[in-house]
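Peer 1: Sharing a structure below in structure tokens format, with a few things to ask.
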Amino acid sequence: MADGCPYELRQKDLASMKLTEQTGGLESLSQNSFIAQSTKFKYKKNDTEYYEYETKDLETTFRGTIEWDSATPKVTKISSGWC
């Protein structure tokens, strides 16, 4: 998965992952960057022979860097963080 994806969702041993609440917009926006409002996910790791994992909730925000090519904006870097 992409580096901008939250660490918990980049795991290769996920049994399930679901977007439960999409971001409603932007908290801040400038010519060079943005911060999105929170986004919510549910995820569950694969159970093992010795452990049954619970479904967990994750709330995160996404941040990005904007570069300009002529008059066209391009998001060049995305990262995520906890709320």
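By order in the structure tokens, chains are A, B, ...; within a chain, residues start at 1; ligands start at 1, following the order shown.
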Need the shell around Asn46 in chain A: protein/DNA/RNA residues with any atom at most 12 Å away, counting only C-alpha atoms. Skip same-chain ones fewer than 6 positions apart. Format as a list of chain:residue names?
Peer 2: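 Residues meeting the cut-off are A:Gln11, A:Lys12, A:Asp13, A:Leu14, A:Ala15, A:Ser16, A:Met17, A:Glu52, A:Tyr53, A:Glu54, A:Thr55.
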Peer 1: For the residues in the current selection, export N, CA and C atoms as a short mmCIF file (atom, residue, chain, number, x, y, z; two decimals), in the first residue's frame.
Peer 2:
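What ended up in selection-v2.cif:
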```
data_model
loop_
_atom_site.label_atom_id
_atom_site.label_comp_id
_atom_site.auth_asym_id
_atom_site.auth_seq_id
_atom_site.Cartn_x
_atom_site.Cartn_y
_atom_site.Cartn_z
N GLN A 11 -0.70 -3.12 6.87
CA GLN A 11 -0.31 -4.46 7.28
C GLN A 11 -0.78 -5.48 6.23
N LYS A 12 0.02 -6.48 5.99
CA LYS A 12 -0.31 -7.50 5.00
C LYS A 12 -1.20 -8.59 5.58
N ASP A 13 -1.38 -8.60 6.89
CA ASP A 13 -2.17 -9.66 7.52
C ASP A 13 -3.55 -9.18 7.96
N LEU A 14 -4.20 -8.31 7.16
CA LEU A 14 -5.53 -7.82 7.50
C LEU A 14 -6.60 -8.79 6.99
N ALA A 15 -7.53 -9.12 7.86
CA ALA A 15 -8.68 -9.93 7.45
C ALA A 15 -9.73 -9.05 6.78
N SER A 16 -9.85 -7.79 7.27
CA SER A 16 -10.82 -6.88 6.67
C SER A 16 -10.41 -5.43 6.93
N MET A 17 -10.92 -4.56 6.07
CA MET A 17 -10.70 -3.13 6.20
C MET A 17 -11.89 -2.45 5.53
N GLU A 52 -7.26 -14.46 18.65
CA GLU A 52 -8.35 -13.93 17.83
C GLU A 52 -8.38 -12.41 18.00
N TYR A 53 -8.15 -11.70 16.92
CA TYR A 53 -8.11 -10.24 16.97
C TYR A 53 -9.50 -9.64 16.93
N GLU A 54 -9.66 -8.53 17.61
CA GLU A 54 -10.91 -7.77 17.60
C GLU A 54 -10.89 -6.78 16.43
N THR A 55 -12.06 -6.38 15.98
CA THR A 55 -12.16 -5.31 15.00
C THR A 55 -11.86 -4.00 15.73
#
```
Peer 1: Residues near Ser30 in chain A, anyone? I mean within 12 Å using only C-alpha atoms, not counting same-chain ones fewer than 6 positions away, as a CSV table (one decimal) with C-alpha atoms, in the first residue's frame.
Peer 2:
```
chain,number,residue,atom,x,y,z
A,36,ALA,CA,-8.2,17.0,5.3
A,63,ARG,CA,-2.0,15.8,4.9
A,64,GLY,CA,-0.6,16.6,1.5
A,65,THR,CA,2.0,18.8,-0.3
A,66,ILE,CA,0.9,20.6,-3.5
A,67,GLU,CA,3.2,21.5,-6.3
A,73,PRO,CA,-2.0,21.8,-8.9
```
Peer 1: List the neighbours of Ser38 in chain A out to 12 Å using only C-alpha atoms; skip same-chain residues closer than 4 positions along the sequence, and give me the result as a PyMOL selection string.
Peer 2: chain A and resi 19-27+58-63+80-83
Peer 1: Now that the selection is made, can you save its residues with N, CA and C atoms as a CSV table (one decimal), in the first residue's frame?
Peer 2:
```csv
chain,number,residue,atom,x,y,z
A,19,LEU,N,-13.8,1.5,5.0
A,19,LEU,CA,-14.0,3.0,5.2
A,19,LEU,C,-15.4,3.2,5.8
A,20,THR,N,-15.4,3.7,7.0
A,20,THR,CA,-16.7,3.9,7.7
A,20,THR,C,-17.2,5.4,7.6
A,21,GLU,N,-16.3,6.3,7.5
A,21,GLU,CA,-16.7,7.7,7.4
A,21,GLU,C,-15.7,8.5,6.6
A,22,GLN,N,-16.1,8.9,5.4
A,22,GLN,CA,-15.2,9.6,4.5
A,22,GLN,C,-15.0,11.0,5.0
A,23,THR,N,-13.9,11.6,4.7
A,23,THR,CA,-13.6,13.0,5.1
A,23,THR,C,-14.7,13.9,4.5
A,24,GLY,N,-15.1,14.9,5.3
A,24,GLY,CA,-16.1,15.8,4.9
A,24,GLY,C,-15.6,17.1,4.2
A,25,GLY,N,-14.3,17.2,4.1
A,25,GLY,CA,-13.7,18.4,3.5
A,25,GLY,C,-12.3,18.6,4.0
A,26,LEU,N,-11.9,19.9,4.0
A,26,LEU,CA,-10.5,20.3,4.4
A,26,LEU,C,-10.5,21.1,5.6
A,27,GLU,N,-9.6,20.8,6.5
A,27,GLU,CA,-9.4,21.7,7.7
A,27,GLU,C,-8.6,22.9,7.3
A,58,LEU,N,-10.2,3.2,13.6
A,58,LEU,CA,-9.1,4.1,13.4
A,58,LEU,C,-9.6,5.4,12.8
A,59,GLU,N,-9.2,6.5,13.4
A,59,GLU,CA,-9.6,7.8,12.9
A,59,GLU,C,-8.3,8.5,12.6
A,60,THR,N,-8.2,9.0,11.4
A,60,THR,CA,-6.9,9.6,10.9
A,60,THR,C,-7.2,10.8,10.1
A,61,THR,N,-6.2,11.7,9.9
A,61,THR,CA,-6.3,12.8,9.0
A,61,THR,C,-5.2,12.6,7.9
A,62,PHE,N,-5.4,13.1,6.7
A,62,PHE,CA,-4.5,13.1,5.7
A,62,PHE,C,-4.0,14.5,5.4
A,63,ARG,N,-2.6,14.6,5.2
A,63,ARG,CA,-2.0,15.8,4.9
A,63,ARG,C,-1.3,15.7,3.5
A,80,SER,N,-0.4,10.5,6.7
A,80,SER,CA,-1.5,10.4,7.5
A,80,SER,C,-1.1,10.5,9.0
A,81,GLY,N,-2.0,10.8,9.9
A,81,GLY,CA,-1.7,10.9,11.3
A,81,GLY,C,-2.9,10.7,12.1
A,82,TRP,N,-2.7,10.4,13.4
A,82,TRP,CA,-3.8,10.2,14.3
A,82,TRP,C,-4.6,11.5,14.6
A,83,CYS,N,-5.8,11.3,14.9
A,83,CYS,CA,-6.6,12.5,15.3
A,83,CYS,C,-6.6,12.6,16.8
```
Peer 1: Quick one: distance from CA of Gln31 in chain A to CA of Gly4 in chain A in Å, one decimal?
Peer 2: 19.9 Å
Peer 1: What is the CA of Glu8 in chain A-CA of Tyr51 in chain A distance in Å, reported with one decimal?
Peer 2: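 One can read the CA of Glu8 in chain A to CA of Tyr51 in chain A distance as 17.7 Å.
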Peer 1: Using DSSP on the backbone coordinates, identify the residues of chain A assigned to strand (DSSP E); present them as a short mmCIF file (atom, residue, chain, number, x, y, z; two decimals) with C-alpha atoms, in the first residue's frame.
Peer 2:
```
data_model
loop_
_atom_site.label_atom_id
_atom_site.label_comp_id
_atom_site.auth_asym_id
_atom_site.auth_seq_id
_atom_site.Cartn_x
_atom_site.Cartn_y
_atom_site.Cartn_z
CA LEU A 14 -5.53 -7.82 7.50
CA ALA A 15 -8.68 -9.93 7.45
CA SER A 16 -10.82 -6.88 6.67
CA MET A 17 -10.70 -3.13 6.20
CA LYS A 18 -13.64 -0.79 5.67
CA LEU A 19 -13.98 2.97 5.22
CA THR A 20 -16.72 3.92 7.69
CA GLU A 21 -16.70 7.72 7.38
CA LEU A 26 -10.53 20.26 4.35
CA GLU A 27 -9.40 21.67 7.69
CA SER A 28 -6.85 23.89 5.98
CA LEU A 29 -5.71 24.66 2.47
CA SER A 33 -0.36 22.10 1.32
CA PHE A 34 -3.64 20.81 2.72
CA ILE A 35 -4.98 18.99 5.78
CA ALA A 36 -8.17 16.99 5.34
CA THR A 39 -11.50 9.90 8.02
CA LYS A 40 -12.64 6.77 9.88
CA PHE A 41 -11.87 3.12 9.18
CA LYS A 42 -12.58 -0.26 10.76
CA TYR A 43 -9.99 -3.01 10.40
CA LYS A 44 -9.25 -6.46 11.71
CA LYS A 45 -6.07 -8.49 11.59
CA LYS A 56 -10.62 -1.89 15.73
CA ASP A 57 -11.60 1.65 14.81
CA LEU A 58 -9.09 4.08 13.38
CA GLU A 59 -9.58 7.82 12.95
CA THR A 60 -6.92 9.60 10.92
CA THR A 61 -6.28 12.77 8.96
CA PHE A 62 -4.46 13.07 5.66
CA ARG A 63 -1.98 15.83 4.86
CA GLY A 64 -0.56 16.63 1.47
CA THR A 65 1.97 18.76 -0.33
CA ILE A 66 0.86 20.60 -3.45
CA GLU A 67 3.17 21.48 -6.33
CA TRP A 68 2.16 23.59 -9.30
CA ASP A 69 2.83 22.68 -12.93
CA THR A 72 -2.38 22.97 -12.56
CA PRO A 73 -2.02 21.81 -8.95
CA LYS A 74 -0.57 18.35 -8.31
CA VAL A 75 -0.55 16.54 -4.94
CA THR A 76 2.99 15.21 -4.63
CA LYS A 77 3.18 13.83 -1.10
CA ILE A 78 0.50 12.44 1.18
CA SER A 79 0.90 11.41 4.81
CA SER A 80 -1.52 10.41 7.54
CA GLY A 81 -1.68 10.89 11.27
CA TRP A 82 -3.84 10.17 14.29
#
```
